[in-house]
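A.B. asks: Dropping in query.cif, with mmCIF, C-alpha atoms.
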data_structure
#
loop_
_atom_site.label_atom_id
_atom_site.label_comp_id
_atom_site.auth_asym_id
_atom_site.auth_seq_id
_atom_site.Cartn_x
_atom_site.Cartn_y
_atom_site.Cartn_z
CA MET A 223 77.34 -31.14 -26.30
CA ASN A 224 76.21 -32.96 -29.37
CA THR A 225 77.35 -36.28 -30.62
CA THR A 226 76.54 -38.46 -33.56
CA VAL A 227 78.05 -41.64 -32.21
CA VAL A 228 76.00 -44.56 -33.37
CA SER A 229 76.09 -47.77 -31.46
CA ARG A 230 77.46 -49.87 -34.29
CA GLY A 231 76.06 -53.31 -34.88
CA ALA A 232 73.49 -52.69 -32.18
CA GLU A 233 70.49 -52.04 -34.37
CA GLY A 234 67.38 -52.71 -32.33
CA ARG A 235 69.36 -53.27 -29.16
CA ILE A 236 67.80 -51.82 -26.04
CA GLN A 237 69.84 -49.82 -23.58
CA ARG A 238 68.48 -49.77 -20.04
CA ARG A 239 69.19 -47.53 -17.09
CA VAL A 240 67.70 -47.38 -13.60
CA GLU A 241 67.89 -44.84 -10.78
CA HIS A 242 66.06 -44.87 -7.49
CA LEU A 243 64.35 -41.61 -6.68
CA MET A 244 61.32 -40.54 -4.66
CA GLY A 245 61.26 -44.02 -3.17
CA MET A 246 60.73 -45.71 -6.48
CA PRO A 247 62.71 -47.01 -9.41
CA ILE A 248 62.95 -44.76 -12.45
CA SER A 249 63.75 -46.99 -15.44
CA VAL A 250 64.40 -46.15 -19.02
CA ALA A 251 64.70 -48.31 -22.10
CA LEU A 252 66.21 -46.63 -25.14
CA ARG A 253 66.64 -47.92 -28.65
CA GLY A 254 67.74 -46.32 -31.87
CA ARG A 255 70.39 -43.79 -32.66
CA HIS A 256 71.09 -42.41 -29.20
CA ALA A 257 70.37 -45.52 -27.16
CA ALA A 258 74.00 -45.81 -26.12
CA SER A 259 75.39 -42.45 -27.18
CA ALA A 260 76.76 -39.65 -24.99
CA ALA A 261 73.73 -37.54 -25.93
CA GLY A 262 71.47 -40.34 -24.79
CA LEU A 263 73.25 -40.54 -21.47
CA GLU A 264 73.11 -36.77 -21.10
CA ALA A 265 69.35 -36.79 -21.72
CA TRP A 266 68.90 -39.48 -19.09
CA HIS A 267 70.86 -37.41 -16.57
CA ALA A 268 68.66 -34.42 -17.40
CA VAL A 269 65.58 -36.58 -16.72
CA ILE A 270 66.91 -37.65 -13.35
CA ASP A 271 68.03 -34.14 -12.39
CA GLN A 272 64.63 -32.73 -13.19
CA LEU A 273 62.82 -35.45 -11.27
CA ARG A 274 65.08 -34.83 -8.28
CA HIS A 275 64.21 -31.17 -8.45
CA VAL A 276 60.50 -32.04 -8.63
CA ASP A 277 60.87 -34.22 -5.56
CA GLU A 278 62.53 -31.38 -3.64
CA THR A 279 59.74 -29.03 -4.62
CA PHE A 280 56.72 -31.26 -4.18
CA SER A 281 57.64 -33.86 -1.57
CA THR A 282 55.19 -33.92 1.32
CA TYR A 283 57.79 -35.90 3.29
CA ARG A 284 60.29 -33.06 3.27
CA ARG A 285 59.33 -30.49 5.86
CA ASP A 286 60.88 -27.61 3.98
CA SER A 287 59.66 -28.50 0.53
CA ILE A 288 57.93 -25.65 -1.26
CA ILE A 289 54.65 -27.52 -1.23
CA ASN A 290 54.74 -27.95 2.56
CA ARG A 291 55.66 -24.31 3.06
CA LEU A 292 52.76 -23.34 0.82
CA ASP A 293 50.45 -25.58 2.83
CA ARG A 294 51.59 -23.94 6.07
CA GLY A 295 51.01 -20.50 4.62
CA GLU A 296 54.68 -19.56 4.72
CA LEU A 297 54.58 -18.96 0.98
CA THR A 298 51.88 -17.64 -1.28
CA ILE A 299 51.31 -19.33 -4.60
CA ALA A 300 52.65 -16.24 -6.32
CA GLU A 301 55.93 -16.74 -4.49
CA CYS A 302 56.21 -20.34 -5.67
CA PRO A 303 57.80 -21.42 -8.95
CA ALA A 304 55.43 -21.54 -11.93
CA GLU A 305 55.43 -25.33 -11.89
CA VAL A 306 53.63 -25.26 -8.53
CA SER A 307 50.65 -23.38 -9.88
CA GLU A 308 50.69 -25.63 -12.94
CA VAL A 309 50.39 -28.71 -10.72
CA ILE A 310 47.74 -27.15 -8.51
CA GLU A 311 45.71 -26.18 -11.55
CA LEU A 312 45.95 -29.77 -12.82
CA GLY A 313 44.76 -30.95 -9.42
CA ARG A 314 41.78 -28.62 -9.61
CA GLN A 315 40.87 -29.87 -13.07
CA ALA A 316 41.15 -33.45 -11.87
CA GLU A 317 38.91 -32.75 -8.90
CA ARG A 318 36.33 -31.13 -11.16
CA VAL A 319 36.14 -33.89 -13.77
CA SER A 320 36.06 -36.64 -11.14
CA ASN A 321 33.40 -34.95 -9.01
CA GLY A 322 35.80 -34.89 -6.11
CA ALA A 323 36.99 -38.51 -6.33
CA PHE A 324 40.40 -37.05 -7.01
CA SER A 325 41.66 -34.20 -4.88
CA ILE A 326 44.94 -32.62 -3.92
CA MET A 327 43.39 -31.55 -0.60
CA LEU A 328 43.41 -34.75 1.40
CA PRO A 329 41.80 -35.36 4.77
CA ALA A 330 44.32 -34.97 7.59
CA GLY A 331 43.09 -35.08 11.15
CA GLU A 332 40.41 -32.43 11.58
CA GLY A 333 41.16 -30.58 8.38
CA ARG A 334 42.75 -31.10 5.04
CA ARG A 335 46.28 -30.77 3.79
CA LEU A 336 47.70 -29.94 0.44
CA ASP A 337 49.06 -33.13 -1.14
CA PRO A 338 49.45 -33.00 -4.92
CA SER A 339 51.34 -36.33 -5.02
CA GLY A 340 48.55 -37.86 -7.10
CA VAL A 341 49.23 -35.37 -9.88
CA VAL A 342 52.96 -34.95 -9.55
CA LYS A 343 54.30 -38.34 -10.55
CA GLY A 344 52.62 -38.65 -13.93
CA TRP A 345 53.03 -34.98 -14.72
CA ALA A 346 56.71 -35.01 -13.77
CA ALA A 347 57.54 -38.13 -15.77
CA GLN A 348 55.68 -36.82 -18.79
CA ARG A 349 57.53 -33.51 -18.55
CA ALA A 350 60.93 -35.10 -17.96
CA SER A 351 60.42 -37.41 -20.93
CA GLU A 352 60.78 -34.38 -23.20
CA PHE A 353 64.54 -34.64 -22.80
CA LEU A 354 64.36 -38.13 -24.28
CA ALA A 355 61.88 -37.14 -26.97
CA ALA A 356 64.37 -34.55 -28.19
CA LEU A 357 66.85 -37.30 -29.09
CA ASP A 358 66.95 -37.70 -32.83
CA ASP A 359 65.69 -41.03 -34.19
CA THR A 360 65.53 -42.57 -30.73
CA ASP A 361 62.71 -44.49 -29.08
CA PHE A 362 62.21 -44.55 -25.34
CA CYS A 363 60.11 -46.12 -22.68
CA LEU A 364 60.36 -44.27 -19.37
CA SER A 365 58.88 -45.75 -16.21
CA ALA A 366 58.42 -43.86 -12.95
CA GLY A 367 57.50 -46.60 -10.52
CA GLY A 368 55.38 -48.38 -13.10
CA ASP A 369 53.80 -45.33 -14.69
CA ILE A 370 55.11 -45.21 -18.21
CA VAL A 371 55.72 -42.81 -21.08
CA CYS A 372 56.42 -44.42 -24.47
CA HIS A 373 57.76 -42.80 -27.58
CA THR A 374 58.67 -44.27 -30.93
CA ALA A 375 60.45 -41.89 -33.27
CA ASP A 376 59.61 -43.90 -36.38
CA PRO A 377 55.99 -45.08 -36.51
CA ASN A 378 57.08 -48.10 -38.52
CA ARG A 379 59.17 -49.44 -35.68
CA GLU A 380 57.66 -51.98 -33.38
CA ALA A 381 55.66 -50.81 -30.39
CA TRP A 382 56.92 -51.02 -26.86
CA ARG A 383 55.25 -53.86 -25.03
CA ILE A 384 54.00 -53.01 -21.57
CA GLY A 385 53.09 -55.79 -19.20
CA ILE A 386 50.34 -55.08 -16.68
CA GLU A 387 51.04 -56.72 -13.39
CA HIS A 388 48.30 -58.89 -11.96
CA PRO A 389 47.11 -56.94 -8.90
CA LEU A 390 46.32 -60.15 -7.05
CA ASP A 391 49.55 -61.92 -8.02
CA SER A 392 52.48 -59.61 -8.71
CA LYS A 393 54.52 -62.46 -10.17
CA THR A 394 52.30 -62.69 -13.21
CA LEU A 395 50.99 -60.34 -15.83
CA ILE A 396 47.31 -59.93 -16.46
CA ALA A 397 47.71 -58.18 -19.80
CA VAL A 398 50.17 -56.87 -22.34
CA VAL A 399 49.68 -53.57 -24.15
CA PRO A 400 51.65 -52.52 -27.23
CA ILE A 401 52.22 -48.76 -27.23
CA ARG A 402 54.19 -46.70 -29.71
CA SER A 403 53.59 -43.31 -28.18
CA GLY A 404 51.56 -42.37 -25.15
CA GLY A 405 51.23 -42.78 -21.43
CA LEU A 406 50.14 -45.74 -19.34
CA ALA A 407 49.45 -45.67 -15.62
CA THR A 408 48.18 -48.22 -13.15
CA SER A 409 46.56 -47.40 -9.82
CA GLY A 410 46.01 -49.92 -7.11
CA THR A 411 47.33 -50.97 -3.78
CA ALA A 412 49.36 -54.10 -4.58
CA HIS A 413 52.72 -52.84 -3.38
CA ARG A 414 51.84 -50.37 -0.69
CA GLY A 415 48.78 -51.62 1.08
CA ALA A 416 45.68 -49.48 1.17
CA HIS A 417 47.09 -46.00 0.62
CA LEU A 418 44.59 -44.63 -1.85
CA ILE A 419 41.47 -43.14 -0.35
CA ASP A 420 38.37 -41.43 -1.60
CA PRO A 421 38.90 -37.84 -0.44
CA ARG A 422 35.15 -37.41 -0.05
CA THR A 423 34.83 -40.22 2.48
CA GLY A 424 38.39 -40.82 3.69
CA LYS A 425 37.86 -44.50 2.99
CA SER A 426 39.63 -46.96 0.73
CA PRO A 427 37.65 -48.02 -2.31
CA SER A 428 36.23 -51.49 -2.47
CA GLY A 429 35.48 -53.85 -5.28
CA VAL A 430 38.41 -52.86 -7.48
CA ALA A 431 41.96 -54.22 -7.43
CA SER A 432 43.65 -52.05 -10.04
CA VAL A 433 42.93 -49.64 -12.86
CA THR A 434 45.22 -49.19 -15.85
CA VAL A 435 44.66 -46.27 -18.20
CA ILE A 436 46.32 -45.61 -21.54
CA ALA A 437 46.09 -42.04 -22.81
CA SER A 438 48.00 -39.72 -25.06
CA SER A 439 49.86 -38.28 -22.09
CA LEU A 440 50.94 -39.90 -18.85
CA THR A 441 49.80 -36.82 -16.95
CA TRP A 442 46.13 -37.66 -17.54
CA ALA A 443 46.54 -41.41 -17.70
CA ASP A 444 47.84 -41.25 -14.13
CA ILE A 445 45.13 -38.89 -12.89
CA ASP A 446 42.36 -40.90 -14.54
CA ALA A 447 43.68 -44.21 -13.24
CA THR A 448 43.75 -42.88 -9.68
CA ALA A 449 40.40 -41.11 -9.93
CA ALA A 450 38.80 -44.27 -11.36
CA TYR A 451 40.38 -46.51 -8.76
CA VAL A 452 39.09 -44.54 -5.78
CA GLN A 453 35.59 -44.77 -7.21
CA GLY A 454 35.64 -48.52 -6.57
CA ARG A 455 32.77 -50.27 -8.30
CA ASP A 456 32.04 -47.17 -10.40
CA ALA A 457 35.57 -47.18 -11.89
CA ALA A 458 34.67 -48.52 -15.33
CA ARG A 459 31.47 -46.48 -15.57
CA TRP A 460 33.34 -43.27 -14.86
CA LEU A 461 36.17 -44.10 -17.28
CA GLN A 462 33.65 -44.33 -20.08
CA THR A 463 33.11 -40.60 -19.72
CA ARG A 464 36.79 -39.85 -20.18
CA THR A 465 39.03 -39.13 -23.13
CA ILE A 466 41.34 -42.07 -22.95
CA ARG A 467 42.58 -44.57 -25.47
CA SER A 468 41.82 -47.62 -23.44
CA ALA A 469 41.68 -48.95 -19.93
CA LEU A 470 41.74 -52.18 -18.01
CA VAL A 471 39.90 -52.49 -14.71
CA VAL A 472 40.73 -55.51 -12.59
CA TRP A 473 38.05 -56.14 -10.00
CA ALA A 474 38.66 -57.47 -6.52
CA ASP A 475 37.49 -60.93 -7.60
CA GLY A 476 40.04 -61.03 -10.42
CA THR A 477 37.57 -60.44 -13.24
CA THR A 478 38.36 -57.66 -15.70
CA THR A 479 36.67 -54.98 -17.75
CA ARG A 480 38.35 -53.58 -20.83
CA LEU A 481 37.41 -50.22 -22.26
CA ALA A 482 38.30 -48.48 -25.46
CA THR A 483 37.09 -45.00 -26.20
CA ASN A 484 37.46 -42.71 -29.09
CA PRO A 485 40.22 -40.23 -28.23
CA ASP A 486 38.46 -37.49 -30.16
CA ARG A 487 35.11 -37.97 -28.55
CA ARG A 488 35.14 -35.28 -25.92
CA PRO A 489 37.53 -32.95 -24.19
CA ASN A 490 39.15 -33.82 -20.91
CA THR A 491 37.95 -30.95 -18.83
CA MET B 283 32.24 -52.46 -24.60
CA ARG B 284 34.49 -55.25 -23.43
CA ARG B 285 33.28 -57.52 -26.19
CA ILE B 286 33.95 -54.90 -28.79
CA VAL B 287 37.56 -54.60 -27.82
CA ILE B 288 38.09 -58.33 -27.81
CA TRP B 289 36.73 -58.97 -31.24
CA LEU B 290 38.22 -55.79 -32.60
CA ALA B 291 41.55 -57.26 -31.65
CA SER B 292 40.86 -60.32 -33.74
CA THR B 293 39.46 -58.39 -36.66
CA ILE B 294 42.47 -56.13 -36.74
CA THR B 295 44.64 -59.21 -36.86
CA ILE B 296 42.62 -60.31 -39.84
CA VAL B 297 42.87 -57.06 -41.73
CA VAL B 298 46.55 -56.75 -41.06
CA LEU B 299 47.06 -60.22 -42.48
CA LEU B 300 44.83 -59.33 -45.35
CA PHE B 301 46.73 -56.19 -46.06
CA GLY B 302 50.01 -58.03 -45.94
CA TYR B 303 48.67 -60.48 -48.46
CA HIS B 304 47.43 -57.72 -50.70
CA THR B 305 50.74 -55.96 -50.90
CA SER B 306 52.71 -59.11 -51.44
CA THR B 307 50.60 -60.25 -54.38
CA ASN B 308 49.70 -56.84 -55.78
CA LYS B 309 46.05 -57.88 -55.84
CA SER B 310 46.53 -60.31 -58.68
CA THR B 311 44.86 -63.32 -57.14
CA SER B 312 41.20 -63.70 -56.44
CA ALA B 313 39.54 -65.19 -53.38
CA ALA B 314 42.54 -65.11 -51.16
CA THR B 315 41.69 -66.87 -47.99
CA VAL B 316 43.67 -65.74 -45.02
CA PRO B 317 43.41 -67.91 -41.96
CA SER B 318 43.67 -66.16 -38.64
CA ALA B 319 44.91 -67.82 -35.54
CA SER B 320 42.95 -65.55 -33.26
CA ALA B 321 39.63 -65.99 -35.04
CA PRO B 322 39.64 -69.49 -36.42
CA THR B 323 36.40 -69.24 -38.37
CA ALA B 324 37.23 -65.94 -40.05
CA THR B 325 38.25 -65.67 -43.64
CA SER B 326 38.75 -62.57 -45.72
CA SER B 327 39.07 -61.88 -49.37
CA PRO B 328 40.64 -58.78 -50.85
CA GLN B 329 38.27 -59.06 -53.81
CA ALA B 330 35.08 -59.14 -51.82
CA GLY B 331 33.28 -55.85 -52.13
CA SER B 332 36.39 -54.03 -53.10
CA SER B 333 36.08 -50.63 -54.66
CA GLY B 334 38.39 -47.80 -55.43
CA ASN B 335 37.44 -44.16 -55.99
CA SER B 336 40.84 -42.95 -56.91
CA SER B 337 44.13 -44.44 -57.83
CA ASN B 338 45.59 -44.32 -54.34
CA ILE B 339 42.61 -44.98 -52.05
CA LYS B 340 41.10 -48.44 -52.06
CA THR B 341 38.65 -50.14 -49.79
CA TYR B 342 38.21 -53.82 -49.18
CA THR B 343 35.43 -55.55 -47.36
CA GLY B 344 36.21 -58.79 -45.63
CA SER B 345 33.86 -61.72 -45.44
CA VAL B 346 31.74 -62.16 -42.34
CA ALA B 347 33.62 -63.77 -39.49
CA GLN B 348 31.74 -65.75 -36.91
CA THR B 349 33.02 -65.07 -33.42
CA ARG B 350 31.80 -66.36 -30.13
CA TRP B 351 29.95 -63.08 -29.67
CA GLY B 352 28.36 -62.98 -33.10
CA PRO B 353 29.21 -62.09 -36.68
CA VAL B 354 31.86 -59.49 -37.45
CA GLN B 355 32.66 -57.88 -40.77
CA VAL B 356 35.19 -55.17 -41.46
CA LYS B 357 36.08 -52.87 -44.27
CA ILE B 358 39.56 -51.45 -44.64
CA THR B 359 40.77 -48.39 -46.46
CA VAL B 360 44.19 -48.43 -48.01
CA GLN B 361 45.69 -45.12 -48.97
CA ASP B 362 48.99 -44.86 -50.78
CA GLY B 363 49.76 -48.43 -49.90
CA LYS B 364 49.14 -47.96 -46.19
CA LEU B 365 46.29 -49.16 -44.06
CA SER B 366 44.54 -45.94 -43.12
CA LYS B 367 41.19 -46.94 -41.70
CA VAL B 368 39.21 -49.87 -40.46
CA THR B 369 35.45 -49.64 -40.53
CA VAL B 370 33.48 -52.32 -38.80
CA VAL B 371 30.44 -52.83 -41.00
CA GLN B 372 28.92 -55.54 -38.87
CA GLU B 373 29.48 -56.24 -35.23
CA PRO B 374 27.73 -58.45 -32.71
CA ASN B 375 25.48 -55.75 -31.27
CA GLY B 376 24.53 -54.44 -34.68
CA ASN B 377 26.20 -51.06 -34.42
CA ARG B 378 28.59 -49.51 -36.81
CA ARG B 379 31.86 -48.36 -35.45
CA ASP B 380 34.72 -46.62 -37.11
CA GLN B 381 38.19 -47.19 -35.87
CA GLU B 382 40.88 -45.01 -37.31
CA ILE B 383 44.14 -46.82 -37.55
CA ASN B 384 46.64 -44.28 -36.44
CA ASP B 385 49.05 -43.85 -33.64
CA GLN B 386 46.41 -42.53 -31.28
CA ALA B 387 44.09 -45.47 -31.71
CA LEU B 388 46.45 -48.38 -32.01
CA PRO B 389 47.07 -49.31 -28.40
CA ILE B 390 43.57 -50.60 -27.92
CA LEU B 391 44.79 -54.14 -28.12
CA ILE B 392 45.03 -55.03 -24.49
CA ASP B 393 46.00 -58.65 -24.74
CA GLU B 394 45.04 -60.70 -21.75
CA THR B 395 45.96 -63.98 -23.36
CA VAL B 396 49.70 -63.97 -23.13
CA SER B 397 51.47 -65.19 -20.07
CA ALA B 398 54.29 -63.29 -18.45
CA GLN B 399 56.57 -66.20 -19.05
CA SER B 400 56.25 -66.37 -22.80
CA ALA B 401 55.76 -62.77 -23.83
CA LYS B 402 58.47 -60.29 -24.69
CA ILE B 403 57.87 -57.35 -22.39
CA ASP B 404 59.74 -54.04 -22.33
CA MET B 405 58.34 -52.55 -19.11
CA VAL B 406 55.93 -53.47 -16.38
CA SER B 407 53.16 -51.32 -14.96
CA GLY B 408 51.65 -52.10 -11.60
CA ALA B 409 50.28 -50.40 -8.56
CA THR B 410 53.04 -47.98 -7.65
CA VAL B 411 56.18 -50.05 -7.67
CA THR B 412 58.28 -48.94 -4.72
CA SER B 413 62.00 -49.40 -4.44
CA GLU B 414 61.49 -52.00 -1.72
CA GLY B 415 59.24 -54.01 -3.96
CA TYR B 416 61.41 -53.46 -6.95
CA LEU B 417 63.70 -56.42 -6.58
CA GLN B 418 60.73 -58.72 -6.47
CA SER B 419 59.02 -57.08 -9.36
CA LEU B 420 58.90 -58.27 -12.88
CA GLN B 421 60.55 -55.08 -14.00
CA ALA B 422 63.69 -56.06 -12.17
CA ALA B 423 63.84 -59.29 -14.10
CA ILE B 424 63.52 -57.38 -17.33
CA ASP B 425 66.26 -54.94 -16.42
CA GLU B 426 68.43 -57.85 -15.41
CA ALA B 427 67.89 -59.67 -18.67
CA GLY B 428 68.69 -56.47 -20.55
CA ILE B 429 66.15 -57.25 -23.25
#
Please, can you express the file's structure as structure tokens?
C.D. replies:
Amino acid sequence: MNTTVVSRGAEGRIQRRVEHLMGMPISVALRGRHAASAAGLEAWHAVIDQLRHVDETFSTYRRDSIINRLDRGELTIAECPAEVSEVIELGRQAERVSNGAFSIMLPAGEGRRLDPSGVVKGWAAQRASEFLAALDDTDFCLSAGGDIVCHTADPNREAWRIGIEHPLDSKTLIAVVPIRSGGLATSGTAHRGAHLIDPRTGKSPSGVASVTVIASSLTWADIDATAAYVQGRDAARWLQTRTIRSALVVWADGTTTRLATNPDRRPNT
Amino acid sequence: MRRIVIWLASTITIVVLLFGYHTSTNKSTSAATVPSASAPTATSSPQAGSSGNSSNIKTYTGSVAQTRWGPVQVKITVQDGKLSKVTVVQEPNGNRRDQEINDQALPILIDETVSAQSAKIDMVSGATVTSEGYLQSLQAAIDEAGI
């Protein structure tokens, strides 16, 4: 189904939609030609459908998810859909570049269990955003629980403005970042308590309150934010070795470190 | 590194203002002084050190701006009427640094100066916003306002 309905008189108007999925809000802001069109709505439904499918495949909370069956040895990786090996390969790359600060094999009791959640959210949102990117002359800003993919179809249009929540006071922003196209992810513990651990030690990091990374794709922005965060006081030092556009580290005492690196400086892996 | 980003933000403000001036006057006036709110002591002139190798690529060197971290001077390249490159010819630590102005490099301007109350914000990023926390989050307010 294709439509050319233009929201008349609504130039620059932003259309917003929200769904709750995987325990978090998925929000979109659309502007431009298909912001309010049937095609725009169809693309949004495709985003949500794909994310729901991802949740069914990768949820560690669902006993019969493919990822849990793989972990229990009931499935081999060859029997899993291709997206499973894609995610596991991403997890391996992340573990390698972070020297183990990021891992999809997390400590569980005596052993370790497969938990690619740290890769899945950013990867899934980045992938799902392709439905929105296919909309002609339409800008979008897609947020999966605060991890964001931005796209501006016309580079002359104004950038999306992303507010970074203050990790020590969620009612205020600590920074604002204008982004036309790219991914932005924040890792920290503000809303969930201490749930991020260093897989090498099993302990929560100290010294850092949140890490925000802006990169050309949300997939790696999310991985790098998490990998930096679990490294605690080494977060900023490690980020300087990465191919990112910029980053903001908020330390436990509320002070900040801002980083900007040349995106062409070195490869990611 | 942190310093660099902060003053780069102010110098980019300057060159953008400068560029706007240049296009609006078609380079007919000399010694244009462009005040910048974010770097009060900085002034730039499109005539200063300007050179052009071809008809559609021109470079302009701004005057030295004193910042709280030291002197900053930038050179811009304008190609086909568009700002294509900013070269920092002098920065507080004495290094040269090229900053391509393109879509990949633009979002370096992390602005810590605006307050949540006064800024127009499209989305909020925080440590994994859960559905339970959603109603309290700033994002909810934005969705509600429909801006």
A.B. asks: On this file, the PyMOL selection byres ((chain A) within 6 of (chain B)) gives some set of residues; write that set as a PDB file with C-alpha atoms, in the frame of the given file.
C.D. replies:
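Result file follows (part_18.pdb):
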ATOM      1  CA  GLY A 245      61.260 -44.020  -3.170  1.00  0.00           C
ATOM      2  CA  MET A 246      60.730 -45.710  -6.480  1.00  0.00           C
ATOM      3  CA  PRO A 247      62.710 -47.010  -9.410  1.00  0.00           C
ATOM      4  CA  GLY A 367      57.500 -46.600 -10.520  1.00  0.00           C
ATOM      5  CA  GLY A 368      55.380 -48.380 -13.100  1.00  0.00           C
ATOM      6  CA  ARG A 383      55.250 -53.860 -25.030  1.00  0.00           C
ATOM      7  CA  ILE A 384      54.000 -53.010 -21.570  1.00  0.00           C
ATOM      8  CA  GLY A 385      53.090 -55.790 -19.200  1.00  0.00           C
ATOM      9  CA  ILE A 386      50.340 -55.080 -16.680  1.00  0.00           C
ATOM     10  CA  GLU A 387      51.040 -56.720 -13.390  1.00  0.00           C
ATOM     11  CA  THR A 394      52.300 -62.690 -13.210  1.00  0.00           C
ATOM     12  CA  LEU A 395      50.990 -60.340 -15.830  1.00  0.00           C
ATOM     13  CA  ILE A 396      47.310 -59.930 -16.460  1.00  0.00           C
ATOM     14  CA  ALA A 397      47.710 -58.180 -19.800  1.00  0.00           C
ATOM     15  CA  VAL A 398      50.170 -56.870 -22.340  1.00  0.00           C
ATOM     16  CA  VAL A 399      49.680 -53.570 -24.150  1.00  0.00           C
ATOM     17  CA  PRO A 400      51.650 -52.520 -27.230  1.00  0.00           C
ATOM     18  CA  ILE A 401      52.220 -48.760 -27.230  1.00  0.00           C
ATOM     19  CA  THR A 408      48.180 -48.220 -13.150  1.00  0.00           C
ATOM     20  CA  SER A 409      46.560 -47.400  -9.820  1.00  0.00           C
ATOM     21  CA  GLY A 410      46.010 -49.920  -7.110  1.00  0.00           C
ATOM     22  CA  THR A 411      47.330 -50.970  -3.780  1.00  0.00           C
ATOM     23  CA  ALA A 412      49.360 -54.100  -4.580  1.00  0.00           C
ATOM     24  CA  SER A 468      41.820 -47.620 -23.440  1.00  0.00           C
ATOM     25  CA  ARG A 480      38.350 -53.580 -20.830  1.00  0.00           C
ATOM     26  CA  LEU A 481      37.410 -50.220 -22.260  1.00  0.00           C
TER      27      LEU A 481
END
A.B. asks: For the atom pair CA of Gln272 (chain A) and CA of Phe353 (chain A), what is the interatomic distance in Å to one decimal place?
C.D. replies: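 Distance between the two atoms: 9.8 Å.
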A.B. asks: For CA of Phe362 (chain A) and CA of Ala257 (chain A), quote the distance in Å rounded to one decimal.
C.D. replies: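 Calculated distance between CA of Phe362 (chain A) and CA of Ala257 (chain A) is 8.4 Å.
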A.B. asks: Work out how far CA of Phe324 (chain A) is from CA of Gln453 (chain A), in Å to one decimal.
C.D. replies: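 So the two atoms, CA of Gln453 (chain A) and CA of Phe324 (chain A), lie 9.1 Å apart.
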A.B. asks: Report as a ChimeraX atom specification all protein, DNA and RNA residues lying within 12 Å of Ile270 (chain A), evaluated on only C-alpha atoms, omitting residues in the same chain fewer than 5 positions from it.
C.D. replies: /A:239-244,247-250,263-265,275-277,346-347,349-351,353-354,364-366
A.B. asks: Kindly indicate which residue among A:Asp391, A:Asp446, A:Asp293, A:Glu332 lies nearest to Ala458 (chain A), using only C-alpha atoms for the distances.
C.D. replies: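 The shortest atom-to-atom distance to Ala458 (chain A) comes from A:Asp446.
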A.B. asks: What do you get, as a list in words, if you spell out every residue that the PyMOL selection byres ((chain A and resi 288) around 8) selects here?
C.D. replies: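 That expression, the PyMOL selection byres ((chain A and resi 288) around 8), corresponds here to Glu278, Thr279, Phe280, Asp286, Ser287, Ile289, Asn290, Arg291, Leu292, Leu297 and Cys302 of chain A.
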A.B. asks: Using only C-alpha atoms, please write the residues we just selected to a file, as an mmCIF file, keeping the file's coordinate frame.
C.D. replies:
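And here's again_19.cif as it stands now:
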data_model
loop_
_atom_site.group_PDB
_atom_site.id
_atom_site.type_symbol
_atom_site.label_atom_id
_atom_site.label_comp_id
_atom_site.auth_asym_id
_atom_site.auth_seq_id
_atom_site.Cartn_x
_atom_site.Cartn_y
_atom_site.Cartn_z
ATOM 1 C CA GLU A 278 62.530 -31.380 -3.640
ATOM 2 C CA THR A 279 59.740 -29.030 -4.620
ATOM 3 C CA PHE A 280 56.720 -31.260 -4.180
ATOM 4 C CA ASP A 286 60.880 -27.610 3.980
ATOM 5 C CA SER A 287 59.660 -28.500 0.530
ATOM 6 C CA ILE A 289 54.650 -27.520 -1.230
ATOM 7 C CA ASN A 290 54.740 -27.950 2.560
ATOM 8 C CA ARG A 291 55.660 -24.310 3.060
ATOM 9 C CA LEU A 292 52.760 -23.340 0.820
ATOM 10 C CA LEU A 297 54.580 -18.960 0.980
ATOM 11 C CA CYS A 302 56.210 -20.340 -5.670
#
A.B. asks: Given all atoms listed in the file as the basis, pick out the residue of A:Leu390, A:Ala356, A:Met327, A:Leu470 nearest to His373 (chain A).
C.D. replies: A:Ala356
